[in-house]
$ cat upload_14.cif   # mmCIF, C-alpha atoms and all ligand atoms
data_structure
#
loop_
_atom_site.label_atom_id
_atom_site.label_comp_id
_atom_site.auth_asym_id
_atom_site.auth_seq_id
_atom_site.Cartn_x
_atom_site.Cartn_y
_atom_site.Cartn_z
CA MET A 1 0.00 0.00 0.00
CA THR A 2 1.28 3.48 -0.84
CA CYS A 3 1.66 5.84 2.10
CA TYR A 4 0.40 9.12 0.71
CA LEU A 5 0.88 11.07 3.91
CA SER A 6 4.63 10.53 4.29
CA LYS A 7 6.07 11.41 7.70
CA ASP A 8 5.73 15.14 7.46
CA ASP A 9 2.85 15.74 9.81
CA TRP A 10 3.11 13.09 12.50
CA HIS A 11 4.69 15.31 15.14
CA SER A 12 1.88 17.79 14.58
CA TYR A 13 -0.64 14.96 14.69
CA TYR A 14 0.81 13.78 18.01
CA LYS A 15 0.28 17.27 19.52
CA LYS A 16 -3.18 17.50 17.88
CA SER A 17 -2.05 20.77 16.34
CA LEU A 18 -3.74 20.26 12.96
CA ASP A 19 -7.21 21.16 11.83
CA ARG A 20 -10.02 18.68 12.51
CA GLN A 21 -10.28 17.53 8.90
CA LYS A 22 -6.57 16.76 8.65
CA LEU A 23 -6.60 14.92 11.97
CA ASP A 24 -9.51 12.73 10.87
CA GLU A 25 -7.88 12.04 7.55
CA MET A 26 -4.65 10.97 9.25
CA SER A 27 -6.49 8.87 11.81
CA SER A 28 -8.23 6.84 9.14
CA HIS A 29 -4.97 6.44 7.24
CA LEU A 30 -3.24 5.33 10.41
CA ALA A 31 -5.70 2.47 10.88
CA GLN A 32 -4.43 0.81 7.70
CA CYS A 33 -0.76 1.91 7.38
CA SER A 34 1.82 0.13 9.50
CA GLU A 35 4.58 2.49 8.33
CA CYS A 36 2.75 5.50 9.73
CA GLN A 37 1.82 3.58 12.86
CA ASN A 38 5.52 2.99 13.38
CA ALA A 39 6.32 6.68 12.83
CA LEU A 40 3.76 7.68 15.43
CA TRP A 41 4.91 4.97 17.82
CA GLN A 42 8.47 6.33 17.66
CA ILE A 43 7.25 9.79 18.63
CA GLN A 44 5.22 8.35 21.48
CA GLU A 45 8.24 6.37 22.72
CA THR A 46 10.57 9.40 22.54
CA ALA A 47 8.02 11.49 24.40
CA GLU A 48 7.87 8.89 27.19
CA LEU A 49 11.64 8.72 27.45
CA LEU A 50 12.12 12.49 27.42
CA ALA A 51 9.34 12.97 29.96
CA ARG A 52 11.86 11.49 32.42
CA GLY A 53 14.29 14.28 31.55
CA LYS A 54 11.69 16.97 32.19
CA ILE A 55 12.25 19.30 35.11
CA ASN A 56 9.44 20.76 37.16
CA PHE A 57 11.20 23.24 39.39
CA ASP A 58 10.28 26.90 39.30
CA PRO A 59 12.48 29.97 38.98
CA PRO A 60 13.72 31.48 42.26
CA PRO A 61 11.36 34.08 43.77
CA ASP A 62 13.88 36.93 43.44
CA LEU A 63 14.17 36.47 39.66
CA LYS A 64 11.20 38.64 38.79
CA LEU A 65 12.24 41.20 41.40
CA ASN A 66 15.75 41.48 39.93
CA ILE A 67 14.39 41.87 36.42
CA MET A 68 11.99 44.64 37.45
CA LYS A 69 14.70 46.38 39.49
CA THR A 70 17.02 46.50 36.47
CA ILE A 71 14.25 47.69 34.19
CA THR A 72 13.00 50.52 36.39
CA LYS A 73 16.58 51.63 37.05
CA SER A 74 17.72 51.78 33.44
CA GLY A 75 14.58 52.24 31.34
CA TYR A 76 14.84 51.43 27.65
CA GLN A 77 18.46 50.91 26.61
CA ALA A 78 19.05 48.83 23.54
CA ASP A 79 16.24 50.32 21.54
CA SER A 80 17.44 51.65 18.20
CA ASN A 81 14.09 53.10 17.11
CA LYS A 82 13.87 55.35 20.14
CA GLU A 83 12.17 58.74 19.85
CA PRO A 84 14.31 61.65 21.07
CA THR A 85 13.60 62.36 24.72
CA GLN A 86 12.82 65.74 26.26
CA LYS A 87 16.40 65.95 27.52
CA GLU A 88 17.97 65.39 24.12
CA THR A 89 15.67 67.95 22.50
CA ALA A 90 16.53 70.57 25.13
CA SER A 91 20.30 70.02 24.86
CA SER A 92 20.29 70.06 21.08
CA TYR A 93 18.46 73.40 21.24
CA HIS A 94 21.27 74.83 23.38
CA ILE A 95 23.94 73.37 21.13
CA GLU A 96 22.25 75.10 18.19
CA LEU A 97 22.19 78.34 20.17
CA ARG A 98 25.92 77.92 20.93
CA ASN A 99 26.69 77.31 17.25
CA TRP A 100 24.64 80.34 16.34
CA GLY A 101 26.73 82.39 18.81
CA PHE A 102 29.94 81.19 17.14
CA SER A 103 28.60 82.08 13.69
CA MET A 104 27.69 85.58 14.83
CA MET A 105 31.19 85.99 16.31
CA ALA A 106 32.83 84.88 13.09
CA ALA A 107 30.65 87.23 11.02
CA GLY A 108 31.46 90.15 13.34
CA PHE A 109 35.18 89.46 13.12
CA LEU A 110 35.01 89.27 9.31
CA LEU A 111 33.20 92.63 9.11
CA PHE A 112 35.77 94.16 11.46
CA ALA A 113 38.66 92.82 9.35
CA LEU A 114 37.05 94.15 6.17
CA ASN A 115 36.77 97.57 7.81
CA LEU A 116 40.48 97.44 8.64
CA SER A 117 41.47 96.59 5.11
CA SER A 118 39.46 99.55 3.81
CA LEU A 119 41.57 101.80 6.10
CA SER A 120 44.75 100.44 4.57
CA PRO A 121 44.14 98.76 1.20
CA ASN A 122 47.55 97.01 1.09
CA LEU A 123 47.36 95.62 4.61
CA LEU A 124 47.65 91.84 4.82
CA ASN A 125 46.26 89.81 7.69
CA THR A 126 49.78 88.91 8.87
CA GLN A 127 50.76 92.52 9.06
CA VAL A 128 48.07 93.48 11.61
CA ALA A 129 50.44 92.67 14.48
CA GLN A 130 53.17 94.91 13.05
CA LEU A 131 51.13 98.13 13.08
CA ASP A 132 52.36 101.00 15.26
CA SER A 133 51.28 101.04 18.89
CA GLY A 134 48.66 103.85 18.53
CA PHE A 135 46.81 102.08 15.78
CA ASN A 136 47.35 98.79 17.61
CA LYS A 137 45.41 100.12 20.62
CA GLN A 138 42.52 101.05 18.35
CA ILE A 139 42.36 97.47 17.11
CA ILE A 140 42.98 95.72 20.42
CA LEU A 141 40.37 97.69 22.37
CA PRO A 142 37.26 96.69 20.40
CA PHE A 143 38.79 93.25 19.93
CA THR A 144 39.13 92.69 23.70
CA LYS A 145 35.58 93.95 24.24
CA MET A 146 34.28 91.63 21.56
CA ASN A 147 36.21 88.76 23.07
CA GLN A 148 34.76 89.46 26.52
CA LEU A 149 31.27 89.74 25.13
CA ALA A 150 31.59 86.48 23.22
CA HIS A 151 33.11 84.75 26.24
CA THR A 152 30.24 85.90 28.49
CA LEU A 153 27.72 84.81 25.90
CA LEU A 154 29.24 81.34 25.55
CA ILE A 155 29.47 80.86 29.33
CA LYS A 156 25.79 81.87 29.61
CA ILE A 157 24.80 79.30 26.98
CA ASP A 158 26.93 76.59 28.64
CA THR A 159 25.39 77.33 32.05
CA LEU A 160 21.93 77.09 30.52
CA THR A 161 22.78 73.71 28.98
CA ASP A 162 24.25 72.43 32.26
CA ASN A 163 21.22 73.52 34.25
CA GLN A 164 18.94 71.92 31.73
CA ASN A 165 20.89 68.63 31.94
CA LYS A 166 20.87 68.71 35.74
CA SER A 167 17.16 69.31 35.93
CA ASN A 168 16.57 66.39 33.58
CA GLN A 169 18.61 63.95 35.66
CA MET B 1 -5.07 41.54 30.32
CA GLN B 2 -3.87 39.99 27.05
CA ASP B 3 -0.15 40.08 26.16
CA ASN B 4 -0.75 42.68 23.46
CA GLU B 5 -2.67 44.95 25.83
CA LEU B 6 0.15 44.74 28.35
CA ILE B 7 2.72 45.59 25.68
CA THR B 8 0.70 48.62 24.57
CA GLY B 9 0.56 49.77 28.19
CA ILE B 10 4.32 49.30 28.64
CA LEU B 11 5.08 51.20 25.45
CA ASN B 12 2.82 54.01 26.66
CA GLY B 13 5.05 54.45 29.69
CA ASN B 14 3.75 51.98 32.26
CA ALA B 15 6.90 49.84 32.60
CA GLY B 16 5.45 48.20 35.71
CA LEU B 17 3.12 46.13 33.51
CA PHE B 18 6.15 44.20 32.33
CA GLU B 19 6.01 42.38 35.65
CA ASP B 20 2.83 40.63 34.46
CA LEU B 21 4.61 39.39 31.34
CA VAL B 22 7.55 38.15 33.45
CA GLU B 23 5.13 36.38 35.79
CA ARG B 24 3.39 34.74 32.84
CA TYR B 25 6.48 33.45 31.05
CA GLN B 26 9.32 33.23 33.57
CA THR B 27 8.82 29.53 34.35
CA GLY B 28 8.89 28.45 30.72
CA VAL B 29 11.87 30.61 29.86
CA TYR B 30 13.75 29.59 33.01
CA ARG B 31 13.21 25.88 32.33
CA THR B 32 14.23 26.31 28.69
CA ALA B 33 17.42 28.03 29.86
CA TYR B 34 18.01 25.18 32.29
CA TYR B 35 17.81 22.57 29.50
CA TYR B 36 20.54 24.45 27.66
CA THR B 37 22.76 25.02 30.70
CA GLN B 38 21.90 22.30 33.22
CA SER B 39 22.77 24.85 35.88
CA VAL B 40 20.28 26.68 38.08
CA GLU B 41 22.61 29.67 38.48
CA ASP B 42 23.25 30.03 34.77
CA ALA B 43 19.56 29.49 34.00
CA GLN B 44 18.70 32.30 36.40
CA ASP B 45 21.26 34.70 34.91
CA ILE B 46 20.22 33.87 31.37
CA THR B 47 16.51 34.23 32.14
CA GLN B 48 17.18 37.64 33.64
CA GLU B 49 19.16 38.71 30.58
CA ILE B 50 16.46 37.39 28.23
CA PHE B 51 13.72 39.41 29.91
CA ILE B 52 15.79 42.59 30.02
CA LYS B 53 16.67 42.13 26.34
CA THR B 54 12.99 41.55 25.59
CA PHE B 55 11.98 44.69 27.47
CA ASN B 56 14.54 46.78 25.62
CA SER B 57 13.39 45.39 22.27
CA LEU B 58 9.65 45.85 22.94
CA PRO B 59 9.33 48.92 20.68
CA ARG B 60 10.35 46.64 17.79
CA PHE B 61 7.70 44.01 18.61
CA LYS B 62 5.12 43.78 15.82
CA GLN B 63 1.72 44.23 17.45
CA GLY B 64 -0.68 41.56 16.29
CA SER B 65 1.91 38.77 16.24
CA ALA B 66 2.27 36.30 19.10
CA PHE B 67 4.38 37.64 21.95
CA SER B 68 5.24 34.14 23.19
CA THR B 69 6.76 33.20 19.83
CA TRP B 70 8.78 36.40 19.79
CA LEU B 71 9.92 35.96 23.39
CA TYR B 72 11.01 32.35 22.78
CA ARG B 73 12.91 33.41 19.68
CA ILE B 74 14.91 35.84 21.83
CA ALA B 75 15.25 33.15 24.51
CA VAL B 76 16.47 30.38 22.20
CA ASN B 77 18.94 32.71 20.45
CA HIS B 78 20.27 33.86 23.80
CA CYS B 79 20.65 30.28 25.06
CA LEU B 80 22.42 29.26 21.85
CA ASP B 81 24.78 32.24 22.11
CA TRP B 82 25.53 31.21 25.66
CA SER B 83 26.16 27.59 24.61
CA ARG B 84 28.52 28.65 21.83
CA LYS B 85 30.55 30.83 24.17
CA LYS B 86 30.59 28.53 27.16
CA LYS B 87 32.54 25.30 27.10
CA PRO B 88 30.75 22.62 29.08
CA LEU B 89 32.60 22.33 32.38
CA PHE B 90 30.69 20.42 34.99
CA ILE B 91 27.02 19.68 35.31
CA GLU B 92 25.56 21.00 38.47
CA PRO B 93 22.72 18.97 39.93
CA ALA B 94 19.86 21.16 41.06
CA SER B 95 18.79 20.77 44.66
CA LEU B 96 16.61 17.73 45.21
CA GLU B 97 13.96 19.48 47.28
CA ASN B 98 13.04 21.83 44.47
CA ARG B 99 13.43 19.35 41.75
CA PHE B 100 10.83 16.65 42.12
CA ASP B 101 7.46 16.10 43.70
CA LYS B 102 7.80 15.59 47.43
CA SER B 103 5.34 12.68 47.25
CA VAL B 104 8.02 10.40 45.77
CA GLY B 105 10.26 8.38 48.12
CA PRO B 106 13.99 9.25 48.43
CA GLU B 107 15.25 6.16 46.58
CA GLU B 108 12.98 6.74 43.68
CA ILE B 109 14.04 10.39 43.60
CA LEU B 110 17.69 9.32 43.22
CA LEU B 111 16.88 6.88 40.43
CA ARG B 112 14.79 9.43 38.63
CA GLN B 113 17.44 12.09 39.03
CA GLU B 114 20.07 9.78 37.58
CA SER B 115 18.23 9.06 34.39
CA SER B 116 16.75 12.55 34.16
CA GLU B 117 20.26 14.02 34.05
CA GLU B 118 21.52 11.42 31.62
CA ILE B 119 18.64 12.22 29.33
CA GLN B 120 19.24 15.98 29.66
CA THR B 121 22.95 15.49 29.00
CA ALA B 122 22.22 13.39 25.91
CA VAL B 123 19.87 16.07 24.58
CA ARG B 124 22.41 18.76 25.39
CA SER B 125 25.18 16.90 23.56
CA LEU B 126 23.32 16.99 20.24
CA HIS B 127 23.98 19.61 17.59
CA GLU B 128 22.17 22.84 18.47
CA ILE B 129 19.47 22.56 15.79
CA TYR B 130 18.46 19.09 17.04
CA ARG B 131 18.87 20.00 20.70
CA THR B 132 16.59 23.00 20.19
CA VAL B 133 13.74 21.10 18.51
CA LEU B 134 13.82 18.37 21.17
CA ILE B 135 13.74 20.93 23.99
CA LEU B 136 10.91 22.92 22.44
CA TYR B 137 8.82 19.94 21.33
CA TYR B 138 9.24 17.39 24.12
CA PHE B 139 10.19 19.51 27.14
CA GLN B 140 8.34 22.76 26.45
CA ASP B 141 5.37 21.26 24.62
CA PHE B 142 5.37 23.48 21.55
CA SER B 143 3.79 22.22 18.31
CA PRO B 144 5.92 21.92 15.14
CA GLN B 145 4.17 25.02 13.74
CA GLN B 146 4.99 27.05 16.86
CA ILE B 147 8.61 25.85 16.76
CA ALA B 148 8.76 26.80 13.09
CA ASP B 149 7.55 30.30 13.99
CA ILE B 150 10.06 30.60 16.82
CA LEU B 151 12.97 29.45 14.65
CA ASP B 152 11.68 31.26 11.57
CA THR B 153 11.62 28.16 9.38
CA SER B 154 9.02 25.82 7.88
CA LYS B 155 6.92 23.26 9.75
CA ARG B 156 8.20 20.62 7.37
CA THR B 157 11.80 21.39 8.38
CA ILE B 158 10.88 21.02 12.03
CA GLU B 159 9.17 17.66 11.42
CA THR B 160 12.29 16.42 9.61
CA ARG B 161 14.60 17.71 12.34
CA LEU B 162 12.49 16.02 14.99
CA PHE B 163 12.81 12.65 13.26
CA ARG B 164 16.56 13.09 12.81
CA ALA B 165 16.98 14.30 16.38
CA ARG B 166 15.26 11.16 17.63
CA LYS B 167 17.70 8.95 15.73
CA MET B 168 20.69 10.87 17.09
CA LEU B 169 19.34 10.73 20.61
CA LYS B 170 18.89 6.99 20.24
CA GLU B 171 22.57 6.67 19.34
CA LYS B 172 23.63 8.75 22.34
CA LEU B 173 21.48 6.78 24.75
CA ARG B 174 22.12 3.30 23.36
CA HIS B 175 25.14 2.75 25.57
CA SER B 176 24.84 5.40 28.22
CA VAL B 177 21.49 4.58 29.84
CA LEU B 178 21.30 1.23 31.65
CA GLY B 179 25.04 0.63 31.85
CA GLY B 180 26.00 0.41 28.19
CA ASP B 181 25.18 -3.31 27.84
CA GLY B 182 23.64 -2.76 24.46
CA HIS B 183 20.16 -2.47 25.93
CA ASP B 184 18.30 0.00 23.79
CA LEU B 185 15.69 2.18 25.41
CA LEU B 186 14.36 3.18 22.05
CA SER B 187 14.31 -0.41 20.86
CA LYS B 188 12.22 -0.28 17.74
CA GLN B 189 13.95 0.55 14.51
CA GLY B 190 13.85 4.24 13.64
ZN ZN C 201 1.16 5.73 5.89
#
$ encode --input "upload_14.cif" --output "structure tokens" --more "lines below"
Ligand SMILES: [Zn+2]
Amino acid sequence: MTCYLSKDDWHSYYKKSLDRQKLDEMSSHLAQCSECQNALWQIQETAELLARGKINFDPPPDLKLNIMKTITKSGYQADSNKEPTQKETASSYHIELRNWGFSMMAAGFLLFALNLSSLSPNLLNTQVAQLDSGFNKQIILPFTKMNQLAHTLLIKIDTLTDNQNKSNQ
Amino acid sequence: MQDNELITGILNGNAGLFEDLVERYQTGVYRTAYYYTQSVEDAQDITQEIFIKTFNSLPRFKQGSAFSTWLYRIAVNHCLDWSRKKKPLFIEPASLENRFDKSVGPEEILLRQESSEEIQTAVRSLHEIYRTVLILYYFQDFSPQQIADILDTSKRTIETRLFRARKMLKEKLRHSVLGGDGHDLLSKQG
């Protein structure tokens, strides 16, 4: 007799994890096919043997506690699809502000340098330091003030960022 | 609450709901880890790592699919990673009090423990693809379709692996159980 079912579904049949129609079909085939009976018998036998290797002890009571402790302490960690948090948004705003400050400084310096070159058309950047002391003072004074202003501005931005970070922690 | 409802709650900020998922699945995951490690300490560490990994990956869980399948996929992969890294050193017997029903007499407990460990060791000595299907099918009671979903393969592949795994197990046990006198526990031809 030809065994049309082959052995492909017998483990599913043993767990009754097939639809009703398939189960009935296999049951009626089983009644007349010794090959399939043998296949099923092997599964039954293995199940009985391995049942002796089964454990029935439960996890220790502190397992769940430890898991929950770690989770509440760290929050989400390994999640790559994470939305930016409030903290990240706030800091990036301050970083942008800081960058904006730098840009303004650079623009100011460029305008100042252009003004200088209009005073003396042949003046090269490297020659600024060699100017006579009177003219030097004129350059250094606004330069120092600008430096101080920029420094104060940057410190202000940094303090803001720090405070923001601290309040988020 | 259903698994999916709990997950929605967790993702909406109520991390405490994860405790319900741990409660629901910790025994199964812990026992699975034990079959791979045969050590209660390692099984505990691994189970902890599996649940933390699961929690951290929750935003990537596809709502509508079965959480148990997804969890066991993480669990099996974690156990296999552990097995690949760890060389088998010594097999620690779990404490007797926890291990078996108290209704059984002490002599019977010893006999059962003996063969239980031999069987576990034989399963553990098989190649990981056969070890995994035996653990999931015979110890953890999953159907071939569920195992196929966990391992992301076809049901047909699982059925084939289960038949092969049985033959390999038979070879392992032929001489180890019952003193190696050629007595075959799985006596019928396979
Ligand atoms: Zn047949």
$ interface_residues --input "upload_14.cif" --of "chain A" --to "chain B" --cutoff "10 Å" --atoms "all atoms listed in the file" --output "compact mmCIF listing (two decimals) with C-alpha atoms, in the coordinates of the input"
# COMPACT_ATOMS: atom_id res chain seq x y z
CA LYS A 7 6.07 11.41 7.70
CA ASP A 8 5.73 15.14 7.46
CA ASP A 9 2.85 15.74 9.81
CA TRP A 10 3.11 13.09 12.50
CA HIS A 11 4.69 15.31 15.14
CA SER A 12 1.88 17.79 14.58
CA TYR A 13 -0.64 14.96 14.69
CA TYR A 14 0.81 13.78 18.01
CA LYS A 15 0.28 17.27 19.52
CA LYS A 16 -3.18 17.50 17.88
CA SER A 17 -2.05 20.77 16.34
CA LEU A 18 -3.74 20.26 12.96
CA ASN A 38 5.52 2.99 13.38
CA ALA A 39 6.32 6.68 12.83
CA TRP A 41 4.91 4.97 17.82
CA GLN A 42 8.47 6.33 17.66
CA ILE A 43 7.25 9.79 18.63
CA GLU A 45 8.24 6.37 22.72
CA THR A 46 10.57 9.40 22.54
CA ALA A 47 8.02 11.49 24.40
CA GLU A 48 7.87 8.89 27.19
CA LEU A 49 11.64 8.72 27.45
CA LEU A 50 12.12 12.49 27.42
CA ALA A 51 9.34 12.97 29.96
CA ARG A 52 11.86 11.49 32.42
CA GLY A 53 14.29 14.28 31.55
CA LYS A 54 11.69 16.97 32.19
CA ILE A 55 12.25 19.30 35.11
CA ASN A 56 9.44 20.76 37.16
CA PHE A 57 11.20 23.24 39.39
CA ASP A 58 10.28 26.90 39.30
CA PRO A 59 12.48 29.97 38.98
CA PRO A 60 13.72 31.48 42.26
CA ASP A 62 13.88 36.93 43.44
CA LEU A 63 14.17 36.47 39.66
CA LYS A 64 11.20 38.64 38.79
CA LEU A 65 12.24 41.20 41.40
CA ASN A 66 15.75 41.48 39.93
CA ILE A 67 14.39 41.87 36.42
CA MET A 68 11.99 44.64 37.45
CA THR A 70 17.02 46.50 36.47
CA ILE A 71 14.25 47.69 34.19
CA THR A 72 13.00 50.52 36.39
CA SER A 74 17.72 51.78 33.44
CA GLY A 75 14.58 52.24 31.34
CA TYR A 76 14.84 51.43 27.65
CA GLN A 77 18.46 50.91 26.61
CA ALA A 78 19.05 48.83 23.54
CA ASP A 79 16.24 50.32 21.54
CA SER A 80 17.44 51.65 18.20
CA ASN A 81 14.09 53.10 17.11
CA LYS A 82 13.87 55.35 20.14
$ residues_near_ligand --input "upload_14.cif" --ligand "ligand ZN 201 (chain C)" --cutoff "6 Å" --atoms "only C-alpha atoms and all ligand atoms" --output "list of chain:residue names"
A:Cys3, A:Leu5, A:Cys33, A:Glu35, A:Cys36
$ atom_distance --input "upload_14.cif" --atom1 "CA of His127 (chain B)" --atom2 "CA of Met168 (chain B)"
9.4 Å
$ residues_near_point --input "upload_14.cif" --point "(1.3, 45.0, 19.8)" --cutoff "9 Å" --atoms "all atoms listed in the file" --output "ChimeraX atom specification"
/B:3-8,58-59,61-67
$ write_last_selection --input "upload_14.cif" --atoms "C-alpha atoms" --output "PDB file, in the frame of the given file"
ATOM      1  CA  ASP B   3      -0.150  40.080  26.160  1.00  0.00           C
ATOM      2  CA  ASN B   4      -0.750  42.680  23.460  1.00  0.00           C
ATOM      3  CA  GLU B   5      -2.670  44.950  25.830  1.00  0.00           C
ATOM      4  CA  LEU B   6       0.150  44.740  28.350  1.00  0.00           C
ATOM      5  CA  ILE B   7       2.720  45.590  25.680  1.00  0.00           C
ATOM      6  CA  THR B   8       0.700  48.620  24.570  1.00  0.00           C
ATOM      7  CA  LEU B  58       9.650  45.850  22.940  1.00  0.00           C
ATOM      8  CA  PRO B  59       9.330  48.920  20.680  1.00  0.00           C
ATOM      9  CA  PHE B  61       7.700  44.010  18.610  1.00  0.00           C
ATOM     10  CA  LYS B  62       5.120  43.780  15.820  1.00  0.00           C
ATOM     11  CA  GLN B  63       1.720  44.230  17.450  1.00  0.00           C
ATOM     12  CA  GLY B  64      -0.680  41.560  16.290  1.00  0.00           C
ATOM     13  CA  SER B  65       1.910  38.770  16.240  1.00  0.00           C
ATOM     14  CA  ALA B  66       2.270  36.300  19.100  1.00  0.00           C
ATOM     15  CA  PHE B  67       4.380  37.640  21.950  1.00  0.00           C
TER      16      PHE B  67
END
$ atom_distance --input "upload_14.cif" --atom1 "CA of Ser83 (chain B)" --atom2 "CA of Val133 (chain B)"
15.3 Å
$ atom_distance --input "upload_14.cif" --atom1 "CA of Gln2 (chain B)" --atom2 "CA of Leu71 (chain B)"
14.8 Å
$ closest_residue --input "upload_14.cif" --among "B:Thr132, B:Asn77, B:Gln38, B:Thr69" --to "Ile150 (chain B)" --atoms "all atoms listed in the file"
B:Thr69
